[in-house]
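Participant: Got a structure for you, written out below as structure tokens; questions coming shortly.
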Amino acid sequence: MFVIFIASVPVLPYPVPTAALAQETIDPTSFELVFNDDFDGLDVTAWGPGSRWIAHTPWNGDFGDARFVDPGPDFPFTTRDGILRIEARKGANGKWQSGLLASTDGKGDGFKQKYGYFEMRARFPAGEGVWPAFWLASRGEEKAIEVDVVEHYGHFPGRYTASLHIWDRKAPALSKSFHERVPVDAGALSTDFHSYGVAIDASRIRYFFDRREIWSIETPRELAHPFTILIDLGLGAGWPIENTPDPSVMEVDFVRVWSLPPD
């Protein structure tokens with residue numbers, strides 16, 4: 001049953017306060033499943049083509065204080081019992097390395113979708129400096145839309161951040177960002193698995209934690225291209241990493257995408 005499109009949630013041209021959405025839930029099991037990775041194995045190459053995932057952003061841009069490296073036999077990705085492990089650790093040179101997965105390659109080949117319900121179930125590492133994320137990227141010649149379903153900064157174990165960014169690639173000063181800090185029980189994101197989801201249609205973007213809606217914002221009119229899925233274990237994000245546990249591991253149970261039913 002699809003229960004979030006109801007009269008009690010008005011369509012407004014600004015973010016809806018979290019408290020107003022506290023009782024709205026989503027059950028995607030009756031939707032059409034169009035992408036599913038349960039990580040019984042991992043189909044990844046450095047740059048493609050032909051693999052389900054590549055190990056870099058399609059636009060070849062790293063970020064944070066760990067370098068995202070090509071996949072090796074046991075680092076930075078391993079799978080066991082249907083769980084993907086993304087590991088961050090220091091190399092022999094003292095530099096941090098970690099892993100990122102993207103669902104399209106540099107030519108745009110792979111899985112991408114504009115509207116739908118996107119979800120990841122994962123457990124995050126604990127500790128200062130860790131920066132795990134599940135996000136979507138839609139890139140055009142002039143505008144890029146980024147939907148951060150979850151970014152967790154290890155310095156703040158009692159919350160995570162959901163965001164929307166409208167990047168102006170030709171005039172960066174005109175870019176816009178919107179954020180929602182989502183409170184959780186301190187340490188809950190590293191002690192157990194939780195699901196992080198986002199439902200995107202032509203009018204609104206709705207964010208979910210354990211399939212309960214926690215934020216809503218109008219879909220930007222600049223959204224014109226389908227989204228690539230990205231998962232990564234970054235480090236830093238402006239916070240110091242001298243106390244970051246070595247190694248740190250992000251565990252992912254699944255990534256799934258459904259098509260939404262007609263409104």
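Each chain in the structure tokens gets a letter, A, B, ..., in the order shown, and its residues are numbered from 1; ligands are numbered from 1 in order too.
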Quick one: residues within 6 Å of range 224-232 of chain A, only C-alpha atoms counted, chain neighbours fewer than 4 positions away excluded, as a PyMOL selection string?
Facilitator: chain A and resi 99-103+112-114+132-138
Participant: For those residues, write N, CA and C atoms to a file as a PDB file, in the first residue's frame.
Facilitator:
```pdb
ATOM      1  N   GLY A  99      36.270   3.418  -0.400  1.00  0.00           N
ATOM      2  CA  GLY A  99      35.546   2.955  -1.570  1.00  0.00           C
ATOM      3  C   GLY A  99      34.289   3.747  -1.856  1.00  0.00           C
ATOM      4  N   LEU A 100      33.955   3.821  -3.135  1.00  0.00           N
ATOM      5  CA  LEU A 100      32.745   4.467  -3.638  1.00  0.00           C
ATOM      6  C   LEU A 100      32.186   3.600  -4.754  1.00  0.00           C
ATOM      7  N   LEU A 101      30.852   3.509  -4.829  1.00  0.00           N
ATOM      8  CA  LEU A 101      30.178   2.820  -5.918  1.00  0.00           C
ATOM      9  C   LEU A 101      29.240   3.779  -6.621  1.00  0.00           C
ATOM     10  N   ALA A 102      29.232   3.737  -7.955  1.00  0.00           N
ATOM     11  CA  ALA A 102      28.308   4.526  -8.766  1.00  0.00           C
ATOM     12  C   ALA A 102      27.651   3.608  -9.785  1.00  0.00           C
ATOM     13  N   SER A 103      26.373   3.852 -10.071  1.00  0.00           N
ATOM     14  CA  SER A 103      25.598   2.935 -10.917  1.00  0.00           C
ATOM     15  C   SER A 103      25.667   3.259 -12.406  1.00  0.00           C
ATOM     16  N   LYS A 112      20.098   4.204 -14.256  1.00  0.00           N
ATOM     17  CA  LYS A 112      19.757   5.570 -13.879  1.00  0.00           C
ATOM     18  C   LYS A 112      18.249   5.718 -14.006  1.00  0.00           C
ATOM     19  N   GLN A 113      17.669   6.540 -13.157  1.00  0.00           N
ATOM     20  CA  GLN A 113      16.214   6.734 -13.161  1.00  0.00           C
ATOM     21  C   GLN A 113      15.894   8.109 -12.598  1.00  0.00           C
ATOM     22  N   LYS A 114      14.908   8.756 -13.221  1.00  0.00           N
ATOM     23  CA  LYS A 114      14.559  10.118 -12.809  1.00  0.00           C
ATOM     24  C   LYS A 114      13.624  10.127 -11.613  1.00  0.00           C
ATOM     25  N   PRO A 132      29.896   8.340   5.933  1.00  0.00           N
ATOM     26  CA  PRO A 132      29.198   7.486   4.976  1.00  0.00           C
ATOM     27  C   PRO A 132      28.018   8.218   4.342  1.00  0.00           C
ATOM     28  N   ALA A 133      27.675   7.821   3.106  1.00  0.00           N
ATOM     29  CA  ALA A 133      26.605   8.519   2.394  1.00  0.00           C
ATOM     30  C   ALA A 133      25.949   7.613   1.355  1.00  0.00           C
ATOM     31  N   PHE A 134      24.677   7.918   1.105  1.00  0.00           N
ATOM     32  CA  PHE A 134      23.881   7.321   0.033  1.00  0.00           C
ATOM     33  C   PHE A 134      23.218   8.493  -0.670  1.00  0.00           C
ATOM     34  N   TRP A 135      23.518   8.671  -1.973  1.00  0.00           N
ATOM     35  CA  TRP A 135      23.072   9.883  -2.641  1.00  0.00           C
ATOM     36  C   TRP A 135      22.817   9.626  -4.115  1.00  0.00           C
ATOM     37  N   LEU A 136      22.127  10.602  -4.738  1.00  0.00           N
ATOM     38  CA  LEU A 136      21.733  10.523  -6.137  1.00  0.00           C
ATOM     39  C   LEU A 136      22.238  11.770  -6.841  1.00  0.00           C
ATOM     40  N   ALA A 137      22.677  11.595  -8.091  1.00  0.00           N
ATOM     41  CA  ALA A 137      23.210  12.723  -8.850  1.00  0.00           C
ATOM     42  C   ALA A 137      22.599  12.755 -10.239  1.00  0.00           C
ATOM     43  N   SER A 138      22.069  13.917 -10.616  1.00  0.00           N
ATOM     44  CA  SER A 138      21.515  14.171 -11.944  1.00  0.00           C
ATOM     45  C   SER A 138      22.286  15.345 -12.535  1.00  0.00           C
TER      46      SER A 138
END
```
Participant: Go through range 7-221 of chain A and collect every residue that DSSP, computed from the backbone, puts in alpha helix (DSSP H); the answer should be as a list in words.
Facilitator: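 Listing alpha helix (DSSP H) positions across range 7-221 of chain A yields Ala188, Leu189, Ser190 and Thr191 of chain A.
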Participant: How would the residues just chosen look if you wrote them out with N, CA and C atoms as a PDB file, in the first residue's frame?
Facilitator:
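Result went into again-v9.pdb, see below:
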```
ATOM      1  N   ALA A 188      22.800   4.897  17.331  1.00  0.00           N
ATOM      2  CA  ALA A 188      21.893   3.925  16.727  1.00  0.00           C
ATOM      3  C   ALA A 188      22.286   3.558  15.304  1.00  0.00           C
ATOM      4  N   LEU A 189      22.888   4.472  14.564  1.00  0.00           N
ATOM      5  CA  LEU A 189      23.204   4.210  13.159  1.00  0.00           C
ATOM      6  C   LEU A 189      24.385   3.267  13.000  1.00  0.00           C
ATOM      7  N   SER A 190      25.183   3.101  14.056  1.00  0.00           N
ATOM      8  CA  SER A 190      26.331   2.198  13.985  1.00  0.00           C
ATOM      9  C   SER A 190      26.097   0.882  14.720  1.00  0.00           C
ATOM     10  N   THR A 191      25.059   0.807  15.555  1.00  0.00           N
ATOM     11  CA  THR A 191      24.795  -0.430  16.288  1.00  0.00           C
ATOM     12  C   THR A 191      23.815  -1.339  15.577  1.00  0.00           C
TER      13      THR A 191
END
```
Participant: Check the smallest atom-to-atom distance from each of A:Gly110, A:Pro183, A:Gly41, A:Pro245 to Trp96 in chain A using only C-alpha atoms, then report the winner.
Facilitator: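 Nearest candidate to Trp96 in chain A out of A:Gly110, A:Pro183, A:Gly41, A:Pro245: A:Pro245.
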Participant: With only C-alpha atoms as the atoms that count, which of A:Arg52, A:Lys90, A:Arg121, A:Arg80 lies nearest to Tyr196 in chain A?
Facilitator: A:Arg121
Participant: Give the answer as one residue: which of A:Leu42, A:Ala202, A:Leu164, A:Ile86 has the shortest atom-to-atom distance to Pro262 in chain A, using only C-alpha atoms?
Facilitator: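 Answer, going by the shortest atom-to-atom distance: A:Ala202.
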Participant: Provide the CA of Ser175 in chain A to CA of Glu218 in chain A distance in Å, to one decimal place.
Facilitator: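 CA of Glu218 in chain A lies 16.0 Å from CA of Ser175 in chain A.
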Participant: Could you tell me, as a count of residues only, which residues of range 39-257 of chain A DSSP assigns to strand (DSSP E or B) when given the backbone?
Facilitator: 111
Participant: Given only C-alpha atoms as the basis, pick out the residue of A:Leu260, A:Val147, A:Leu233, A:Val198 nearest to Pro220 in chain A.
Facilitator: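 Result for the nearest residue to Pro220 in chain A: A:Val147.
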Participant: Let me make sure I understand: among A:Glu141, A:Asp210, A:Asp192, A:Asp40, which one has the smallest atom-to-atom distance to Arg123 in chain A if we use only C-alpha atoms?
Facilitator: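 For Arg123 in chain A, the nearest of the candidates is A:Asp192.
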Participant: Can you pull out the residues contacting Ala162 in chain A? Cut-off 7 Å, using only C-alpha atoms, and skip same-chain residues under 2 positions away; I want them as a CSV table (one decimal) with N, CA, C and O atoms, in the first residue's frame.
Facilitator:
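Wrote it out as part_15.csv, contents follow:
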```
chain,number,residue,atom,x,y,z
A,148,ASP,N,20.9,14.0,-1.4
A,148,ASP,CA,21.6,13.3,-0.3
A,148,ASP,C,20.6,12.6,0.6
A,148,ASP,O,20.0,13.3,1.4
A,149,VAL,N,20.4,11.3,0.3
A,149,VAL,CA,19.4,10.6,1.1
A,149,VAL,C,19.8,10.5,2.5
A,149,VAL,O,19.1,10.7,3.5
A,150,VAL,N,21.1,10.3,2.7
A,150,VAL,CA,21.7,10.3,4.1
A,150,VAL,C,23.2,10.6,3.9
A,150,VAL,O,23.9,10.1,3.1
A,151,GLU,N,23.6,11.5,4.8
A,151,GLU,CA,25.1,11.8,5.1
A,151,GLU,C,25.2,11.7,6.6
A,151,GLU,O,24.5,12.4,7.3
A,160,TYR,N,21.7,12.5,11.6
A,160,TYR,CA,22.3,12.5,10.2
A,160,TYR,C,21.7,13.6,9.5
A,160,TYR,O,20.8,14.3,9.9
A,179,HIS,N,18.9,21.6,3.7
A,179,HIS,CA,19.3,20.6,4.6
A,179,HIS,C,18.3,20.3,5.7
A,179,HIS,O,17.6,21.2,6.1
A,180,GLU,N,18.2,19.1,6.1
A,180,GLU,CA,17.4,18.7,7.3
A,180,GLU,C,18.3,17.8,8.2
A,180,GLU,O,18.8,16.8,7.7
A,181,ARG,N,18.5,18.2,9.4
A,181,ARG,CA,19.2,17.4,10.4
A,181,ARG,C,18.2,16.4,11.0
A,181,ARG,O,17.2,16.9,11.6
```
Participant: Any idea what's packed within 12 Å of Phe63 in chain A, counting only C-alpha atoms, ignoring anything in its chain fewer than 6 positions away? Could you give it as a list in words?
Facilitator: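 Contacts, in chain order: His56, Thr57, Gln97, Ser98, Gly99, Leu100, Trp131, Asp232, Leu233, Gly234, Leu235, Gly236, Ala237 and Gly238 of chain A.
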Participant: Restricting the calculation to only C-alpha atoms: of A:Ala171, A:Ile241, A:Ala92, A:Ala66, which residue gets closest to Lys143 in chain A?
Facilitator: A:Ala171
Participant: Can you pull out the residues contacting Leu33 in chain A? Cut-off 8 Å, using only C-alpha atoms, and skip same-chain residues under 6 positions away; I want them as an MDAnalysis selection string.
Facilitator: chainID A and resid 256:259
Participant: Please, could you write that set of residues out with C-alpha atoms as a PDB file, in the first residue's frame?
Facilitator:
```pdb
ATOM      1  CA  ARG A 256      16.771  -1.076  -4.344  1.00  0.00           C
ATOM      2  CA  VAL A 257      14.763   1.168  -6.627  1.00  0.00           C
ATOM      3  CA  TRP A 258      11.063   1.000  -7.377  1.00  0.00           C
ATOM      4  CA  SER A 259       8.888   2.831  -9.895  1.00  0.00           C
TER       5      SER A 259
END
```
Participant: Which polymer residues have any atom within 7 Å of an atom of Arg212 in chain A, counting only C-alpha atoms, with same-chain residues fewer than 6 positions away left out, as an MDAnalysis selection string?
Facilitator: chainID A and resid 24:26
Participant: Kindly save the residues from that selection, with all heavy atoms included, as a compact mmCIF listing (two decimals), in the first residue's frame.
Facilitator:
```txt
# COMPACT_ATOMS: atom_id res chain seq x y z
N GLU A 24 3.77 9.73 8.63
CA GLU A 24 3.65 9.24 7.26
C GLU A 24 4.69 8.14 7.00
O GLU A 24 5.86 8.28 7.31
CB GLU A 24 3.82 10.38 6.27
CG GLU A 24 2.89 11.56 6.50
CD GLU A 24 1.43 11.16 6.59
OE1 GLU A 24 1.05 10.14 5.99
OE2 GLU A 24 0.67 11.85 7.27
N THR A 25 4.24 7.04 6.41
CA THR A 25 5.12 5.92 6.12
C THR A 25 4.99 5.51 4.66
O THR A 25 4.08 5.95 3.96
CB THR A 25 4.79 4.71 7.02
OG1 THR A 25 3.44 4.31 6.78
CG2 THR A 25 4.98 5.05 8.49
N ILE A 26 5.89 4.66 4.22
CA ILE A 26 5.85 4.15 2.86
C ILE A 26 6.10 2.65 2.89
O ILE A 26 6.91 2.15 3.68
CB ILE A 26 6.90 4.86 1.97
CG1 ILE A 26 6.70 4.50 0.49
CG2 ILE A 26 8.32 4.58 2.43
CD1 ILE A 26 7.51 5.38 -0.45
```
